[in-house]
Each structure stands twice: as C-alpha cells, then as structure tokens.
>>> print(open('start_14.cif').read())   # mmCIF, C-alpha atoms and all ligand atoms
data_start
loop_
_atom_site.label_atom_id
_atom_site.label_comp_id
_atom_site.auth_asym_id
_atom_site.auth_seq_id
_atom_site.Cartn_x
_atom_site.Cartn_y
_atom_site.Cartn_z
CA MET A 17 21.52 -16.30 -0.90
CA ASP A 18 18.17 -17.84 -1.80
CA ALA A 19 18.20 -18.03 -5.60
CA SER A 20 14.42 -17.80 -5.97
CA THR A 21 13.87 -14.64 -3.93
CA GLY A 22 17.26 -12.97 -4.02
CA LEU A 23 17.02 -12.59 -0.24
CA PRO A 24 20.05 -13.54 1.84
CA GLY A 25 19.57 -16.88 3.61
CA ARG A 26 17.86 -16.60 6.97
CA PRO A 27 20.52 -16.21 9.64
CA GLU A 28 20.13 -18.42 12.66
CA SER A 29 18.54 -16.22 15.26
CA SER A 30 20.62 -15.65 18.36
CA LEU A 31 17.37 -15.35 20.27
CA SER A 32 15.47 -18.33 21.47
CA PRO A 33 11.72 -17.88 21.04
CA GLY A 34 11.05 -17.94 24.77
CA ARG A 35 13.39 -15.14 25.83
CA PRO A 36 11.56 -12.01 26.85
CA GLU A 37 14.10 -9.29 26.06
CA PHE A 38 11.97 -6.99 23.94
CA THR A 39 14.67 -4.39 23.32
CA GLU A 40 17.17 -7.04 22.33
CA ARG A 41 14.70 -8.49 19.85
CA MET A 42 14.00 -5.05 18.43
CA GLU A 43 17.68 -4.41 17.83
CA ALA A 44 18.04 -7.78 16.15
CA ALA A 45 14.94 -7.05 14.04
CA ARG A 46 16.52 -3.76 12.92
CA ALA A 47 19.52 -5.79 11.76
CA LEU A 48 17.05 -7.90 9.68
CA ASP A 49 17.33 -10.97 11.89
CA ALA A 50 14.45 -13.14 10.61
CA GLY A 51 14.19 -15.00 13.91
CA ALA A 52 13.68 -11.79 15.87
CA LEU A 53 11.11 -10.48 13.39
CA ALA A 54 9.18 -13.76 13.46
CA ALA A 55 9.34 -13.89 17.28
CA LEU A 56 7.95 -10.34 17.59
CA LEU A 57 5.18 -11.10 15.11
CA SER A 58 4.12 -14.27 16.92
CA ASP A 59 4.77 -13.33 20.56
CA PRO A 60 1.64 -14.48 22.44
CA ASP A 61 1.94 -11.62 24.96
CA PRO A 62 -0.78 -9.12 23.88
CA ARG A 63 1.29 -6.23 25.32
CA THR A 64 3.80 -6.75 22.51
CA THR A 65 1.46 -5.05 20.02
CA ALA A 66 1.30 -1.85 22.11
CA ARG A 67 5.05 -1.91 22.75
CA LEU A 68 5.80 -2.23 19.05
CA ALA A 69 3.33 0.57 18.27
CA ALA A 70 5.02 2.87 20.80
CA ALA A 71 8.49 2.13 19.40
CA ALA A 72 7.21 2.61 15.84
CA ASP A 73 5.60 5.93 16.76
CA GLU A 74 8.86 7.16 18.27
CA THR A 75 10.80 6.12 15.16
CA MET A 76 8.25 7.76 12.87
CA ARG A 77 8.36 11.10 14.72
CA ALA A 78 12.16 11.12 14.60
CA GLU A 79 12.51 10.07 10.95
CA VAL A 80 9.54 11.50 9.02
CA GLY A 81 7.81 13.79 11.53
CA ASP A 82 4.40 13.46 13.16
CA ALA A 83 2.27 14.95 10.34
CA VAL A 84 -0.16 12.74 8.45
CA ARG A 85 0.03 12.99 4.65
CA PHE A 86 -3.07 12.72 2.48
CA ARG A 87 -3.38 11.35 -1.05
CA GLY A 88 -6.79 11.46 -2.71
CA LEU A 89 -7.39 7.96 -4.11
CA LEU A 90 -9.03 7.93 -7.54
CA GLU A 91 -9.93 4.49 -8.89
CA PHE A 92 -10.27 5.67 -12.48
CA SER A 93 -10.87 2.33 -14.22
CA ASN A 94 -11.76 -1.19 -13.10
CA VAL A 95 -10.93 -2.83 -16.44
CA CYS A 96 -8.12 -5.35 -15.91
CA ARG A 97 -6.30 -7.88 -18.08
CA ALA A 98 -4.99 -9.79 -15.05
CA ASP A 99 -6.69 -12.57 -13.12
CA CYS A 100 -5.34 -12.50 -9.57
CA LEU A 101 -7.14 -15.25 -7.67
CA TYR A 102 -8.01 -12.99 -4.70
CA CYS A 103 -9.28 -9.89 -6.51
CA GLY A 104 -12.92 -8.90 -6.98
CA ILE A 105 -12.29 -7.07 -10.27
CA ARG A 106 -10.17 -9.81 -11.86
CA ARG A 107 -10.74 -10.34 -15.57
CA SER A 108 -12.77 -13.52 -15.05
CA ASN A 109 -15.33 -11.96 -12.74
CA GLY A 110 -18.20 -11.42 -15.17
CA THR A 111 -20.46 -9.93 -12.49
CA VAL A 112 -18.56 -6.62 -12.42
CA HIS A 113 -19.85 -3.61 -14.35
CA ARG A 114 -16.72 -2.19 -15.99
CA TYR A 115 -16.01 1.54 -16.19
CA THR A 116 -13.27 3.98 -17.15
CA LEU A 117 -13.68 7.58 -16.00
CA SER A 118 -13.69 10.36 -18.57
CA ARG A 119 -10.99 13.03 -18.61
CA ASP A 120 -13.51 15.53 -17.22
CA ASP A 121 -14.37 13.26 -14.27
CA VAL A 122 -10.68 12.69 -13.52
CA LEU A 123 -9.94 16.44 -13.61
CA ALA A 124 -12.94 17.17 -11.38
CA ALA A 125 -11.60 14.70 -8.81
CA ALA A 126 -8.13 16.27 -9.08
CA ARG A 127 -9.58 19.73 -8.46
CA HIS A 128 -11.43 18.37 -5.43
CA CYS A 129 -8.07 17.15 -4.03
CA VAL A 130 -6.63 20.66 -4.42
CA GLU A 131 -9.64 22.23 -2.70
CA ALA A 132 -9.45 19.71 0.14
CA GLY A 133 -5.73 20.49 0.62
CA TYR A 134 -4.66 16.92 -0.12
CA GLY A 135 -1.56 17.95 -2.10
CA SER A 136 -1.26 14.55 -3.78
CA LEU A 137 -3.40 12.25 -5.87
CA THR A 138 -3.12 8.49 -6.30
CA LEU A 139 -4.38 7.33 -9.69
CA GLN A 140 -5.22 3.64 -9.53
CA ALA A 141 -6.72 1.26 -12.10
CA GLY A 142 -6.67 -2.34 -13.23
CA GLU A 143 -3.83 -3.41 -15.48
CA ARG A 144 -4.05 -2.68 -19.22
CA ARG A 145 -1.15 -2.56 -21.65
CA ASP A 146 -2.86 -1.52 -24.90
CA ALA A 147 -1.63 1.65 -26.62
CA ALA A 148 -4.97 3.47 -26.23
CA PHE A 149 -4.86 3.07 -22.45
CA ILE A 150 -1.20 4.04 -22.12
CA ASP A 151 -1.80 7.17 -24.24
CA TYR A 152 -4.89 8.01 -22.19
CA VAL A 153 -2.96 7.76 -18.92
CA CYS A 154 -0.13 9.94 -20.27
CA ARG A 155 -2.60 12.63 -21.39
CA LEU A 156 -4.38 12.48 -18.01
CA LEU A 157 -1.09 12.96 -16.16
CA GLU A 158 -0.16 15.98 -18.28
CA SER A 159 -3.62 17.53 -17.88
CA ILE A 160 -3.70 17.03 -14.10
CA LYS A 161 -0.32 18.72 -13.79
CA THR A 162 -1.39 21.67 -15.93
CA GLU A 163 -4.79 22.14 -14.32
CA THR A 164 -3.81 21.88 -10.68
CA ARG A 165 -0.99 24.42 -10.58
CA GLY A 166 -1.77 27.38 -8.36
CA PRO A 167 -0.58 29.42 -5.39
CA ALA A 168 -0.94 26.50 -2.95
CA LEU A 169 0.70 24.00 -5.32
CA PRO A 170 3.09 25.75 -7.76
CA ASP A 171 4.05 22.38 -9.30
CA GLY A 172 0.53 20.99 -9.27
CA LEU A 173 -0.63 17.92 -7.39
CA GLY A 174 1.92 15.25 -6.59
CA ILE A 175 0.87 12.13 -8.48
CA THR A 176 1.24 8.48 -7.51
CA LEU A 177 0.34 6.06 -10.29
CA SER A 178 -0.70 2.43 -9.85
CA VAL A 179 -1.63 0.60 -13.05
CA GLY A 180 0.24 -2.68 -12.65
CA GLU A 181 3.07 -4.29 -14.57
CA GLN A 182 4.20 -2.36 -17.65
CA SER A 183 7.30 -2.30 -19.85
CA PRO A 184 10.35 -0.17 -18.89
CA GLU A 185 9.54 2.14 -21.81
CA VAL A 186 5.97 2.70 -20.60
CA TYR A 187 7.17 3.42 -17.06
CA ARG A 188 9.51 6.06 -18.52
CA ARG A 189 6.62 7.64 -20.44
CA PHE A 190 4.47 7.79 -17.29
CA PHE A 191 7.33 9.42 -15.38
CA GLU A 192 7.96 11.99 -18.09
CA ALA A 193 4.22 12.77 -18.26
CA GLY A 194 4.20 13.84 -14.62
CA ALA A 195 3.77 10.92 -12.20
CA HIS A 196 6.63 10.77 -9.72
CA ARG A 197 5.61 7.89 -7.44
CA TYR A 198 4.53 4.40 -8.48
CA LEU A 199 2.81 1.68 -6.46
CA LEU A 200 3.26 -1.95 -7.43
CA ARG A 201 2.51 -4.42 -4.68
CA ILE A 202 4.53 -7.62 -4.60
CA GLU A 203 1.65 -9.05 -2.48
CA THR A 204 4.04 -11.60 -0.92
CA SER A 205 7.82 -11.92 -1.15
CA SER A 206 7.49 -15.72 -1.17
CA PRO A 207 7.61 -17.11 -4.74
CA GLU A 208 5.69 -20.23 -3.61
CA LEU A 209 2.89 -18.22 -2.03
CA TYR A 210 2.83 -15.84 -5.00
CA ALA A 211 2.33 -18.80 -7.34
CA ARG A 212 -0.59 -20.04 -5.22
CA ILE A 213 -2.51 -16.74 -5.43
CA HIS A 214 -1.95 -16.00 -9.12
CA PRO A 215 -2.58 -17.92 -12.34
CA PRO A 216 0.54 -19.49 -13.95
CA ALA A 217 0.84 -16.69 -16.53
CA GLN A 218 1.42 -14.12 -13.76
CA ARG A 219 4.94 -14.83 -12.57
CA TYR A 220 6.78 -13.67 -9.47
CA ALA A 221 9.92 -13.00 -11.51
CA ASP A 222 7.97 -10.64 -13.79
CA ARG A 223 6.56 -8.70 -10.84
CA ARG A 224 10.01 -8.36 -9.33
CA ALA A 225 11.50 -7.23 -12.66
CA ALA A 226 8.70 -4.67 -13.04
CA LEU A 227 9.49 -3.27 -9.59
CA HIS A 228 13.10 -2.78 -10.68
CA ALA A 229 11.96 -1.12 -13.92
CA VAL A 230 9.81 1.30 -11.88
CA ARG A 231 12.87 2.30 -9.90
CA ASP A 232 15.03 2.62 -13.03
CA ALA A 233 12.45 4.97 -14.59
CA GLY A 234 13.09 7.40 -11.73
CA PHE A 235 9.98 6.84 -9.60
CA GLN A 236 9.72 6.76 -5.87
CA VAL A 237 8.91 3.08 -5.45
CA GLY A 238 5.96 1.76 -3.47
CA THR A 239 5.12 -1.84 -2.77
CA GLY A 240 3.29 -3.90 -0.19
CA VAL A 241 1.92 -7.26 0.84
CA MET A 242 -1.25 -8.95 2.01
CA ILE A 243 -1.37 -10.30 5.53
CA GLY A 244 -3.38 -13.36 6.47
CA LEU A 245 -3.12 -15.48 3.32
CA ALA A 246 -3.83 -19.19 3.78
CA GLY A 247 -0.54 -20.99 4.41
CA GLN A 248 1.36 -17.77 5.16
CA THR A 249 3.65 -18.07 8.18
CA VAL A 250 5.35 -15.49 10.38
CA TRP A 251 8.55 -16.45 8.60
CA ASP A 252 7.00 -15.38 5.30
CA LEU A 253 5.98 -12.06 6.88
CA ALA A 254 9.44 -11.60 8.38
CA ASP A 255 10.83 -12.11 4.88
CA ASP A 256 8.38 -9.52 3.55
CA ILE A 257 9.92 -6.89 5.84
CA ARG A 258 13.41 -8.01 4.85
CA PHE A 259 12.34 -7.75 1.21
CA PHE A 260 11.22 -4.11 1.69
CA ALA A 261 14.56 -3.27 3.28
CA ILE A 262 16.74 -5.09 0.77
CA GLU A 263 14.84 -3.62 -2.19
CA GLY A 264 15.17 -0.16 -0.61
CA VAL A 265 11.55 0.82 -1.33
CA ASP A 266 10.28 4.29 -0.43
CA MET A 267 6.60 3.65 0.30
CA ILE A 268 4.69 0.70 1.71
CA GLY A 269 1.00 -0.14 1.69
CA MET A 270 0.05 -3.29 3.59
CA GLY A 271 -3.35 -4.60 4.40
CA PRO A 272 -5.14 -7.67 5.66
CA TYR A 273 -6.24 -10.21 3.08
CA LEU A 274 -10.03 -9.87 2.92
CA PRO A 275 -11.94 -12.39 0.81
CA HIS A 276 -14.24 -11.54 -2.10
CA ALA A 277 -17.00 -14.13 -2.58
CA SER A 278 -16.78 -14.04 -6.41
CA THR A 279 -13.14 -15.15 -6.52
CA PRO A 280 -11.50 -18.59 -6.44
CA MET A 281 -9.80 -17.78 -3.12
CA GLY A 282 -12.68 -16.04 -1.40
CA SER A 283 -15.62 -18.20 -2.31
CA GLY A 284 -17.31 -19.63 0.81
CA GLN A 285 -14.86 -18.02 3.21
CA HIS A 286 -16.06 -16.52 6.45
CA MET A 287 -13.97 -14.99 9.23
CA SER A 288 -14.99 -15.33 12.88
CA ASP A 289 -14.64 -12.37 15.27
CA ASP A 290 -11.59 -14.05 16.83
CA GLU A 291 -9.96 -14.47 13.43
CA ARG A 292 -10.62 -10.82 12.59
CA ALA A 293 -9.09 -9.72 15.88
CA GLN A 294 -6.00 -11.88 15.26
CA LEU A 295 -5.65 -10.55 11.72
CA LEU A 296 -5.90 -6.96 12.94
CA ASP A 297 -3.26 -7.60 15.59
CA ARG A 298 -0.88 -9.19 13.10
CA THR A 299 -1.37 -6.40 10.56
CA LEU A 300 -0.68 -3.74 13.20
CA ARG A 301 2.49 -5.57 14.25
CA MET A 302 3.62 -5.72 10.60
CA ILE A 303 3.10 -1.97 10.21
CA ALA A 304 4.93 -1.19 13.43
CA LEU A 305 7.85 -3.50 12.65
CA THR A 306 8.15 -2.14 9.13
CA ARG A 307 8.45 1.37 10.54
CA ILE A 308 10.99 0.25 13.15
CA VAL A 309 13.14 -1.50 10.53
CA LEU A 310 12.80 0.85 7.52
CA ARG A 311 12.54 4.11 9.50
CA ASP A 312 12.20 6.93 6.92
CA VAL A 313 9.70 5.52 4.40
CA ASN A 314 6.04 6.44 3.95
CA ILE A 315 3.60 3.83 5.28
CA ALA A 316 -0.12 3.90 4.47
CA ALA A 317 -2.98 3.19 6.82
CA THR A 318 -5.13 1.37 4.25
CA THR A 319 -8.88 1.26 3.65
CA ALA A 320 -8.68 -2.54 4.04
CA LEU A 321 -7.68 -2.01 7.66
CA GLN A 322 -10.73 0.15 8.25
CA THR A 323 -12.87 -2.53 6.62
CA LEU A 324 -11.46 -5.10 9.05
CA ASP A 325 -11.99 -2.87 12.09
CA ALA A 326 -13.88 0.42 12.44
CA PHE A 327 -10.78 2.02 14.01
CA GLY A 328 -8.19 0.05 12.05
CA ARG A 329 -6.80 3.07 10.22
CA GLU A 330 -6.51 5.12 13.41
CA ARG A 331 -4.69 2.30 15.16
CA ALA A 332 -2.25 2.07 12.26
CA LEU A 333 -1.66 5.84 12.52
CA GLN A 334 -0.88 5.37 16.20
CA GLY A 335 1.67 2.67 15.41
CA GLY A 336 3.92 3.77 12.57
CA ALA A 337 1.73 4.70 9.58
CA ASN A 338 1.88 8.29 8.25
CA VAL A 339 -0.23 8.29 5.06
CA VAL A 340 -3.99 8.03 4.51
CA MET A 341 -5.77 7.88 1.18
CA PRO A 342 -9.30 9.29 1.28
CA VAL A 343 -11.27 7.95 -1.66
CA VAL A 344 -12.22 10.56 -4.29
CA THR A 345 -13.74 8.14 -6.81
CA PRO A 346 -17.26 9.29 -7.81
CA VAL A 347 -19.79 7.49 -5.59
CA ALA A 348 -21.62 6.03 -8.60
CA MET A 349 -18.50 4.06 -9.53
CA ARG A 350 -17.28 2.95 -6.11
CA SER A 351 -19.26 -0.26 -5.91
CA GLY A 352 -17.50 -1.28 -9.14
CA TYR A 353 -14.08 -1.15 -7.48
CA GLN A 354 -14.44 -3.77 -4.76
CA LEU A 355 -11.23 -5.76 -4.60
CA TYR A 356 -12.68 -7.48 -1.51
CA ASP A 357 -16.12 -7.72 0.12
CA GLY A 358 -17.47 -5.11 2.53
CA LYS A 359 -15.06 -2.35 1.47
CA ALA A 360 -15.34 0.71 3.72
CA CYS A 361 -16.34 4.16 2.41
CA VAL A 362 -18.29 2.89 -0.60
CA ASP A 363 -21.31 5.14 -0.03
CA GLU A 364 -19.69 8.41 1.00
CA ASP A 365 -19.14 11.21 -1.47
CA PRO A 366 -15.69 12.85 -1.56
CA THR A 367 -16.83 15.82 0.53
CA MET A 368 -18.06 13.53 3.29
CA CYS A 369 -14.80 11.56 3.09
CA ALA A 370 -12.78 14.75 3.53
CA GLY A 371 -14.68 15.68 6.73
CA CYS A 372 -14.62 12.14 8.07
CA ILE A 373 -10.94 11.51 7.46
CA THR A 374 -9.89 14.86 8.88
CA GLY A 375 -11.88 14.11 12.04
CA ARG A 376 -10.38 10.64 12.30
CA VAL A 377 -6.84 11.98 12.02
CA ALA A 378 -7.61 14.72 14.57
CA TRP A 379 -8.81 11.99 16.95
CA THR A 380 -5.32 10.45 16.87
CA GLY A 381 -3.81 13.79 17.92
CA ARG A 382 -1.64 14.02 14.81
CA PRO A 383 -1.45 17.17 12.63
CA VAL A 384 -2.20 17.04 8.91
CA GLU A 385 0.31 18.17 6.31
CA ALA A 386 -1.84 20.13 3.84
CA ASN A 387 -0.89 21.24 0.32
CA ARG A 388 2.33 19.22 0.22
CA TRP A 389 3.38 16.28 -1.90
CA GLY A 390 4.62 14.57 1.24
CA ASP A 391 7.45 12.51 -0.24
CA ALA A 392 9.31 10.07 1.97
CA PRO A 393 12.72 11.29 3.17
CA HIS A 394 13.98 7.85 2.21
CA PHE A 395 13.79 8.75 -1.48
CA ALA A 396 15.97 11.86 -1.13
CA ARG A 397 18.53 9.89 0.89
CA ARG A 398 18.46 7.06 -1.65
CA LYS A 399 19.15 9.51 -4.49
CA GLN A 400 22.11 10.96 -2.58
CA GLY A 401 23.53 7.46 -2.45
S1 LIG A 501 -5.18 -7.16 -8.06
FE1 LIG A 501 -4.88 -5.56 -9.64
S2 LIG A 501 -3.91 -6.67 -11.35
FE2 LIG A 501 -4.81 -8.25 -10.02
S3 LIG A 501 -6.84 -8.60 -10.90
FE3 LIG A 501 -7.09 -7.03 -9.29
S4 LIG A 501 -6.94 -5.06 -10.34
FE4 LIG A 501 -6.14 -6.64 -11.74
#
>>> encode(input="start_14.cif", output="structure tokens")
Amino acid sequence: MDASTGLPGRPESSLSPGRPEFTERMEAARALDAGALAALLSDPDPRTTARLAAAADETMRAEVGDAVRFRGLLEFSNVCRADCLYCGIRRSNGTVHRYTLSRDDVLAAARHCVEAGYGSLTLQAGERRDAAFIDYVCRLLESIKTETRGPALPDGLGITLSVGEQSPEVYRRFFEAGAHRYLLRIETSSPELYARIHPPAQRYADRRAALHAVRDAGFQVGTGVMIGLAGQTVWDLADDIRFFAIEGVDMIGMGPYLPHASTPMGSGQHMSDDERAQLLDRTLRMIALTRIVLRDVNIAATTALQTLDAFGRERALQGGANVVMPVVTPVAMRSGYQLYDGKACVDEDPTMCAGCITGRVAWTGRPVEANRWGDAPHFARRKQG
C-alpha cells in the first residue's frame, strides 16, 4: 500500500510492453494491472484507440444501455476562494468580472431544462464556504425541486451540485435540500502532481477527505482528472483509473488540460496541432479504458473535449461516454466562466445549444434519454452492498 495515495502498490505487470495481445492486456487492465493500463495508454499503434473505443462501447451498451443522458450545465457563480494554478477564474485572476446569478435567473434556467427534456441539472460554481452562500445554495435547491415538479418529472429535476470542498455538515445540508449527486474532481490521483498544480494551502489530503464526506452524506459521487498536465506520465493516468475503481465512484468527468493565459500554468503556453492530436488520442483512450474497467458508471463527454477538437464530444460518445452537459448559463455570463482559453459554446444561447447537442448526439446514432434523472446503475449496486 502506498501511504500517500492509499492505492495498493503497483503490481509487476505480467505483460512486457512489446507483446501485442490486446485481449490479454484488456483483461489485465480490468483486474487493475497498472502495467497493462499504462501499456494500452501508450501503445504506439494508432489502431489501439479504435479497438479500445469499440470494447468500451460494447461494455457501455451491456452495463448502462446505449441512451445518452443530458444534464443542463448552469454555471451560477464564478466567485471562488480557491487559487488553483490552472484555472481561469481562480481568486487571483483580477481580470475576471465576477457574477452570481439571481434566484430568478437560476429558476428560469431550470425551467428551460424541463422544457428541453433534459431531466437533470448540474449546478456549478466556484468554491465559497461563507454562510450566506451556503444558505443561498440550499434555498436554490429547494426552489428548483418545488418549481420543476410536473407530469414529466414527478420528483422535479435531478440535481448534481459542484461547489468544491465543504464540511461534512454542509454536504449533508445540500443533500437534504435536494441535490442527490455531487461532483468533486480530484484532478490527479498523484499527490506530487496535485501539489504542483495547487498552492500549498490546497492539500491533496483535504480533497480526498472531502470526497469521502460527499459519499458519507449520501450523494452519488462524481470525480475526474485532467489529462495532459506537464510531467504527467501514463503511470499517473493508470493510477487515476485505479483510483476511480478503488474509491468506487459513480460518475466520472475527464477532460484534456487546456491552458488559460492568465494563470501561472497557462501563461505563454501554445499547443501545436500534433500536440492537440496526441492529447485528444490520450483523452479518448482514458475514457474508453475507464468504461472498460469501471463498467456501470456514468462518464461525461466534456465541453473541454469539444474545445480541443470540433468532434471531440462525439468521439467520446462513440467510445464509452454516456453523458453530455449542454450549457444553460445565460449567454451574457458565459465569457465570465472560462476555466481555460477558447472554451466551446460561449456564444450560443440555451435554445441553440439544445438543437445543436441533440443533432450531435443523433449523428452518433445513439438515442437520447429524455425526462429522466439518468443515475448510474453503479450507485444502486453500491447501495445494495
Ligand atoms: S478549479 Fe474550481 S476551485 Fe479551483 S480556482 Fe477554479 S473554480 Fe475555484
């Protein structure tokens, strides 16, 4: 056992890197063999990406079905107390115009989700721990639940909340107010890498403890990582997948690391076309392998993927992902929620997003699951023990 991560030590892989037995590697990867995971992530044969996508698609259809689940994504505040070194809305970025949506704007966005048939809403904001903010979020959750009940959704919209690290008591309050899923990305399962992309006050151990508190509060637990960080190896990424499995998370949202020029990590960075293509390939392999290993979880095709490649989200949907999150943030506020440069969908109003995303999903040949919360089967199985 590695004391810093809590992950079991990496077993010696029984597979030498040069051996071509794809199926054998897949089986070893399913058994959390780090060597097999790393070999599949780094295999220079370009056909490996398509093979992994096909295997992931087969696993997804068997375990969670072929329907794509929608969550309207509402970025309701960009005020944040944290200072993550990669993030465009970090506290220290004085160039950002800060906003917090009013209750009326939040409820209008929630009603739009109902009308569009999304079934679920993801409420996301920067991290604040002051009492006024916590109370505001609790009241929003209660109001959304009350106002969105109807024939199509007798229990109202399903709500995923993502407002960072909070105390166990606050997580319990959010759960009781009506949120039933919570997203808290670990960003990397490597404590060393985590320390390099956060200021000293933001500790890996605290993030890990918060993830456990989210689970203890009763939430379906979502997490995720960034792919393509400087110094990140395929062994780190293999450990990320092992982390998801060992933590038993229910939902995963992974995306490429995309730099923001007004951050310590992103300043002066530029990616060549080759680097973008490699990053896309690695991200798609991570999504496919995560599906193959974790099987019955929900996996998002993220906006960051579409920013990296015009068809990034569709390719993720063809290789293991089953959730998309059309943005429902009012257009006037969207430019204020740029965690990275060049974010896709900044100029489209929610109605345009609904048409665009539905067309994109139709292009993949997958049906849409309308008016459902779309929970991961993994959660129900986890609760049964
Ligand atoms: S990543 Fe989240 S917690 Fe970190 S600075 Fe950005 S909004 Fe705040």
>>> residues_near_ligand(input="start_14.cif", ligand="ligand LIG 501 (chain A)", cutoff="7 Å", atoms="all atoms listed in the file", output="number ranges by chain")
A: 94, 96-100, 103-107, 141-143, 180, 355
>>> write_last_selection(input="start_14.cif", atoms="C-alpha atoms", output="JSON list (two decimals), keeping the file's coordinate frame")
[["chain", "number", "residue", "atom", "x", "y", "z"],
["A", 94, "ASN", "CA", -11.76, -1.19, -13.10],
["A", 96, "CYS", "CA", -8.12, -5.35, -15.91],
["A", 97, "ARG", "CA", -6.30, -7.88, -18.08],
["A", 98, "ALA", "CA", -4.99, -9.79, -15.05],
["A", 99, "ASP", "CA", -6.69, -12.57, -13.12],
["A", 100, "CYS", "CA", -5.34, -12.50, -9.57],
["A", 103, "CYS", "CA", -9.28, -9.89, -6.51],
["A", 104, "GLY", "CA", -12.92, -8.90, -6.98],
["A", 105, "ILE", "CA", -12.29, -7.07, -10.27],
["A", 106, "ARG", "CA", -10.17, -9.81, -11.86],
["A", 107, "ARG", "CA", -10.74, -10.34, -15.57],
["A", 141, "ALA", "CA", -6.72, 1.26, -12.10],
["A", 142, "GLY", "CA", -6.67, -2.34, -13.23],
["A", 143, "GLU", "CA", -3.83, -3.41, -15.48],
["A", 180, "GLY", "CA", 0.24, -2.68, -12.65],
["A", 355, "LEU", "CA", -11.23, -5.76, -4.60]]
>>> residues_around(input="start_14.cif", residues="A:Thr318", least_positions_apart="3", cutoff="8 Å", atoms="all atoms listed in the file", output="JSON, numbers by chain")
{"A": [269, 270, 271, 321, 322, 329, 340, 341]}
>>> residues_around(input="start_14.cif", residues="A:Ala168", least_positions_apart="4", cutoff="10 Å", atoms="all atoms listed in the file", output="ChimeraX atom specification")
/A:130-131,133,135,164,172-173,386-388
>>> closest_residue(input="start_14.cif", among="A:Leu56, A:Leu274, A:Ile303, A:Leu199", to="A:Glu291", atoms="only C-alpha atoms")
A:Leu274
>>> atom_distance(input="start_14.cif", atom1="atom CA of A:Asp82", atom2="atom CA of A:Met267")
16.3 Å
>>> atom_distance(input="start_14.cif", atom1="atom CA of A:Ala132", atom2="atom CA of A:Ala326")
23.3 Å
>>> closest_residue(input="start_14.cif", among="A:Thr345, A:Gln248, A:Thr380, A:Thr39", to="A:Leu333", atoms="all atoms listed in the file")
A:Thr380
>>> atom_distance(input="start_14.cif", atom1="atom CA of A:Gly390", atom2="atom CA of A:Asp171")
13.1 Å
>>> residues_around(input="start_14.cif", residues="A:His214", least_positions_apart="6", cutoff="12 Å", atoms="all atoms listed in the file", output="MDAnalysis selection string")
chainID A and resid 98:103 106 202:204 207:208 220 223 279:281
>>> closest_residue(input="start_14.cif", among="A:Asp59, A:Glu74, A:Asp146, A:Glu263", to="A:Arg301", atoms="only C-alpha atoms")
A:Asp59
>>> decode(input="start_14.cif", residues="stretch 323-336 of chain A", atoms="N, CA and C atoms", output="PDB file, in the first residue's frame")
ATOM      1  N   THR A 323     -13.715  21.590 -27.128  1.00  0.00           N
ATOM      2  CA  THR A 323     -12.821  22.725 -27.342  1.00  0.00           C
ATOM      3  C   THR A 323     -11.521  22.260 -27.990  1.00  0.00           C
ATOM      4  N   LEU A 324     -11.066  21.084 -27.600  1.00  0.00           N
ATOM      5  CA  LEU A 324      -9.825  20.537 -28.167  1.00  0.00           C
ATOM      6  C   LEU A 324     -10.020  20.123 -29.618  1.00  0.00           C
ATOM      7  N   ASP A 325     -11.193  19.558 -29.916  1.00  0.00           N
ATOM      8  CA  ASP A 325     -11.465  19.051 -31.269  1.00  0.00           C
ATOM      9  C   ASP A 325     -12.951  19.241 -31.559  1.00  0.00           C
ATOM     10  N   ALA A 326     -13.271  19.710 -32.759  1.00  0.00           N
ATOM     11  CA  ALA A 326     -14.671  20.029 -33.081  1.00  0.00           C
ATOM     12  C   ALA A 326     -15.596  18.831 -32.891  1.00  0.00           C
ATOM     13  N   PHE A 327     -15.058  17.611 -33.032  1.00  0.00           N
ATOM     14  CA  PHE A 327     -15.887  16.416 -32.853  1.00  0.00           C
ATOM     15  C   PHE A 327     -15.428  15.600 -31.633  1.00  0.00           C
ATOM     16  N   GLY A 328     -14.781  16.274 -30.695  1.00  0.00           N
ATOM     17  CA  GLY A 328     -14.261  15.569 -29.524  1.00  0.00           C
ATOM     18  C   GLY A 328     -15.351  14.916 -28.696  1.00  0.00           C
ATOM     19  N   ARG A 329     -16.458  15.625 -28.493  1.00  0.00           N
ATOM     20  CA  ARG A 329     -17.542  15.062 -27.674  1.00  0.00           C
ATOM     21  C   ARG A 329     -18.161  13.847 -28.357  1.00  0.00           C
ATOM     22  N   GLU A 330     -18.357  13.964 -29.682  1.00  0.00           N
ATOM     23  CA  GLU A 330     -18.958  12.840 -30.409  1.00  0.00           C
ATOM     24  C   GLU A 330     -18.052  11.621 -30.342  1.00  0.00           C
ATOM     25  N   ARG A 331     -16.754  11.844 -30.475  1.00  0.00           N
ATOM     26  CA  ARG A 331     -15.829  10.699 -30.421  1.00  0.00           C
ATOM     27  C   ARG A 331     -15.843  10.062 -29.040  1.00  0.00           C
ATOM     28  N   ALA A 332     -15.992  10.870 -28.008  1.00  0.00           N
ATOM     29  CA  ALA A 332     -16.094  10.301 -26.654  1.00  0.00           C
ATOM     30  C   ALA A 332     -17.373   9.469 -26.528  1.00  0.00           C
ATOM     31  N   LEU A 333     -18.468   9.971 -27.116  1.00  0.00           N
ATOM     32  CA  LEU A 333     -19.734   9.214 -27.067  1.00  0.00           C
ATOM     33  C   LEU A 333     -19.635   7.902 -27.839  1.00  0.00           C
ATOM     34  N   GLN A 334     -18.752   7.860 -28.805  1.00  0.00           N
ATOM     35  CA  GLN A 334     -18.579   6.617 -29.572  1.00  0.00           C
ATOM     36  C   GLN A 334     -17.599   5.664 -28.890  1.00  0.00           C
ATOM     37  N   GLY A 335     -17.034   6.091 -27.771  1.00  0.00           N
ATOM     38  CA  GLY A 335     -16.021   5.259 -27.118  1.00  0.00           C
ATOM     39  C   GLY A 335     -16.168   5.183 -25.619  1.00  0.00           C
ATOM     40  N   GLY A 336     -17.414   5.090 -25.120  1.00  0.00           N
ATOM     41  CA  GLY A 336     -17.585   4.812 -23.694  1.00  0.00           C
ATOM     42  C   GLY A 336     -18.333   5.856 -22.895  1.00  0.00           C
TER      43      GLY A 336
END
